[in-house]
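Worksheet for the structure shown next.
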Amino acid sequence: MLPLSSFIRSTVLAFVLSRLCQTAAFQLSNPFRSVAFASKTVVASSFAADGSEYSSKDSSEFEDDEDGNKDFGRNYRDDDETPTVELGPVPMSKNAGNRFVAVLWDAELVKGKDPLDLHYDHIQTTDDHVMYCRKANLYNKTFNTDSMVDILWSLPLLSSDLQRVIGHAMCLESTRLDYVQNFLAEDPTVKTITGGDLTNVPLYRWRHIRDYSLRIDDGRDGYPCMCFALDDDPEYVKNLREETVRENLEYLIRSERVIAAGPLHMPTEFKDDPSSNPMGDLIMFNAKSRDDAIEFAEGLPSAEEGLYKDMRVHFYNSLDITGKFVSEDPLRDSPCEQMKEALEHWGYPVGDDQTPHLNF
Ligand SMILES: *[C@@H]1O[C@H](CO)[C@@H](O)[C@H](O)[C@H]1NC(C)=O
């Protein structure tokens with residue numbers, strides 16, 4: 001195992017998205033940009049952006065700016081005349097309700113091809129994939145109303161040396177299973193790798209456990225990994241899943257490294273279908289190295305008890321490529337900015353306030 005230095009990581013990020021965000025690659029390796037960013041941060045925090053106590057007496061730095069400080073103080077007066085605006089809750093997406101996860105393992109879908117060629121085939125599709133997802137996510141009550149699937153995240157899976165893309169995982173939300181299947185069949189990445197045939201593309205209903213203690217930032221104290229664990233045949237495992245569910249949850253919470261987790265179920269048409277049995281687990285977590293990731297996955301109480309017949313752990317590129325967080329800074333990601341302009345030109349609602357369902 002190579003040491004996972006941040007150099008390797010930024011190289012890979014840059015590499016993977018080189019076609020999409022050429023300037024993003026520049027950004028990762030350009031020392032000047034981080035200097036600029038750092039000085040911006042300092043300016044913001046000098047005005048106590050974090051709400052910490054600040055007094056001009058603490059430092060002589062602001063003595064020349066007496067008026068400015070008074071002005072600043074006035075904003076905090078109770079009789080401030082600025083009207084209070086009450087914000088409503090973020091509306092639910094019309095496509096919310098059922099969360100699905102689809103996984104592509106390129107080498108299993110395209111047999112006998114050189115791994116590096118597979119990698120290039122995959123990243124060739126990146127720009128088209130981003131645009132496809134972006135278009136699906138940008139709708140409102142009057143425009144693009146027949147977009148029936150939200151793409152919550154779309155993450156390329158990486159080889160353990162972080163040098164190649166080996167697959168892809170996508171989280172899709174929709175009111176119906178067939179919408180998801182139709183969406184996937186037309187996705188540029190899926191289409192290139194499978195020819196549009198979804199037979200060997202695992203698709204699950206994902207019961208994401210929405211608990212704040214299972215929401216550690218990706219990349220904190222390690223590299224983001226995804227663990228897919230599929231249950232063994234029911235005749236062997238019997239009630240093991242139910243028996244270990246609680247212990248597993250405690251293990252995940254105690255680890256303080258889980259980004260998101262939840263059981264994978266049969267992708268039934270309806271959520272409450274009794275045959276939508278759990279058939280595995282998807283756990284996204286941070287790990288310092290390949291060995292660390294494996295140790296964490298094998299240490300799951302359910303794994304130790306022998307619940308799974310198949311466990312796979314992959315690093316993934318945490319730069320989500322649904323295009324959801326398109327930067328507007330032309331110095332940073334101008335290719336993405338061009339995409340935004342194009343979408344606007346085609347009539348898509350691109351403003352953050354126009355698509356509140358995206359901003360959760
Ligand atoms: C939907 O988005 C389009 C494009 O931005 C805009 O012209 C239209 O007014 C929006 N409709 C609603 C109901 O917000």
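So you can find residues: chains in the structure tokens are A, B, ... in the order shown, residues in each start at 1, and ligands are numbered from 1 in order.
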How close does each residue of stretch 191-238 of chain A get to stretch 158-181 of chain A, giving the shortest atom pair and distance in Å to one decimal for every residue with an atom at most 9 Å away, counting only C-alpha atoms, sorted by chain and residue number, as CSV?
residue,atom,partner,partner_atom,distance
A:Leu198,CA,A:Gln181,CA,7.8
A:Leu203,CA,A:Gln181,CA,8.8
A:Trp206,CA,A:Cys171,CA,8.4
Exercise answer, 7 Å around ligand 1 with only C-alpha atoms and all ligand atoms, as a short mmCIF file (atom, residue, chain, number, x, y, z; two decimals) with N, CA and C atoms, in the first residue's frame:
data_model
loop_
_atom_site.label_atom_id
_atom_site.label_comp_id
_atom_site.auth_asym_id
_atom_site.auth_seq_id
_atom_site.Cartn_x
_atom_site.Cartn_y
_atom_site.Cartn_z
N TYR A 139 -35.29 21.60 -12.09
CA TYR A 139 -36.68 21.75 -12.55
C TYR A 139 -37.39 22.62 -11.53
N ASN A 140 -38.51 23.13 -11.95
CA ASN A 140 -39.39 23.81 -11.00
C ASN A 140 -40.83 23.53 -11.40
N LYS A 141 -41.75 24.26 -10.86
CA LYS A 141 -43.16 23.92 -11.10
C LYS A 141 -43.58 24.09 -12.55
N THR A 142 -42.83 24.90 -13.31
CA THR A 142 -43.24 25.12 -14.70
C THR A 142 -42.23 24.63 -15.73
N PHE A 143 -41.01 24.41 -15.31
CA PHE A 143 -39.97 24.04 -16.28
C PHE A 143 -39.39 22.67 -15.97
N GLY A 347 -32.87 27.72 -20.68
CA GLY A 347 -34.10 27.99 -19.93
C GLY A 347 -34.21 27.29 -18.59
N TYR A 348 -33.15 26.58 -18.18
CA TYR A 348 -33.21 25.87 -16.90
C TYR A 348 -33.15 26.84 -15.72
N PRO A 349 -33.84 26.55 -14.64
CA PRO A 349 -33.69 27.38 -13.44
C PRO A 349 -32.38 27.03 -12.76
N VAL A 350 -31.43 27.92 -12.80
CA VAL A 350 -30.10 27.58 -12.28
C VAL A 350 -29.76 28.25 -10.96
N GLN A 354 -33.97 29.17 -6.95
CA GLN A 354 -34.98 28.64 -7.87
C GLN A 354 -35.17 27.14 -7.72
#
### Query
Near A:Asp217, counting only C-alpha atoms, which residues have an atom at most 10 Å away, once you skip same-chain residues fewer than 5 positions from it, shown as a PyMOL selection string?
chain A and resi 224+257-260+285-286
### Task
Give me the residues within 10 Å of A:Met131 as a count of residues only, counting only C-alpha atoms and dropping any in the same chain fewer than 5 places off.
11
### Task
Determine, counting only C-alpha atoms, which protein, DNA and RNA residues have an atom within 12 Å of an atom of stretch 236-246 of chain A; residues of the same chain fewer than 4 positions away are not included. Present the result as a PyMOL selection string.
chain A and resi 229-232+250-253+262-264+277-281+300-309
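Of the residues in stretch 81-140 of chain A, those that DSSP places in strand (DSSP E) on the basis of the backbone are Asn98, Arg99, Phe100, Val101, Ala102, Val103, Leu104 and Trp105 of chain A.
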Only N, CA and C atoms, please: the residues just picked out, written as a PDB file, in the first residue's frame.
ATOM      1  N   ASN A  98     -38.431   7.786  -2.270  1.00  0.00           N
ATOM      2  CA  ASN A  98     -37.773   6.493  -2.394  1.00  0.00           C
ATOM      3  C   ASN A  98     -36.338   6.711  -2.820  1.00  0.00           C
ATOM      4  N   ARG A  99     -35.448   6.181  -2.035  1.00  0.00           N
ATOM      5  CA  ARG A  99     -34.038   6.385  -2.311  1.00  0.00           C
ATOM      6  C   ARG A  99     -33.449   5.077  -2.844  1.00  0.00           C
ATOM      7  N   PHE A 100     -32.786   5.173  -3.975  1.00  0.00           N
ATOM      8  CA  PHE A 100     -32.181   3.981  -4.575  1.00  0.00           C
ATOM      9  C   PHE A 100     -30.679   4.190  -4.755  1.00  0.00           C
ATOM     10  N   VAL A 101     -29.964   3.084  -4.733  1.00  0.00           N
ATOM     11  CA  VAL A 101     -28.530   3.147  -5.011  1.00  0.00           C
ATOM     12  C   VAL A 101     -28.216   2.175  -6.144  1.00  0.00           C
ATOM     13  N   ALA A 102     -27.515   2.656  -7.149  1.00  0.00           N
ATOM     14  CA  ALA A 102     -27.077   1.800  -8.258  1.00  0.00           C
ATOM     15  C   ALA A 102     -25.556   1.778  -8.266  1.00  0.00           C
ATOM     16  N   VAL A 103     -25.000   0.620  -8.577  1.00  0.00           N
ATOM     17  CA  VAL A 103     -23.540   0.488  -8.576  1.00  0.00           C
ATOM     18  C   VAL A 103     -23.065  -0.090  -9.905  1.00  0.00           C
ATOM     19  N   LEU A 104     -22.004   0.487 -10.410  1.00  0.00           N
ATOM     20  CA  LEU A 104     -21.353  -0.060 -11.600  1.00  0.00           C
ATOM     21  C   LEU A 104     -19.976  -0.545 -11.184  1.00  0.00           C
ATOM     22  N   TRP A 105     -19.689  -1.808 -11.460  1.00  0.00           N
ATOM     23  CA  TRP A 105     -18.303  -2.277 -11.324  1.00  0.00           C
ATOM     24  C   TRP A 105     -17.849  -2.540 -12.743  1.00  0.00           C
TER      25      TRP A 105
END
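With only C-alpha atoms as the atoms that count, the residue of A:Ala107, A:Ile151, A:Leu184, A:Ala287 with the shortest distance to A:Asp218 is A:Ala287.
The closest residue to A:Met266, picked from A:Ser213, A:Arg312, A:Arg134, A:Arg205 and counting only C-alpha atoms, is A:Arg205.
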### Message
My list of candidates is A:Gln124, A:Ser154, A:Ser275, A:Asn200. Which is closest to A:Val110 when distances are computed with only C-alpha atoms?
### Response
A:Asn200
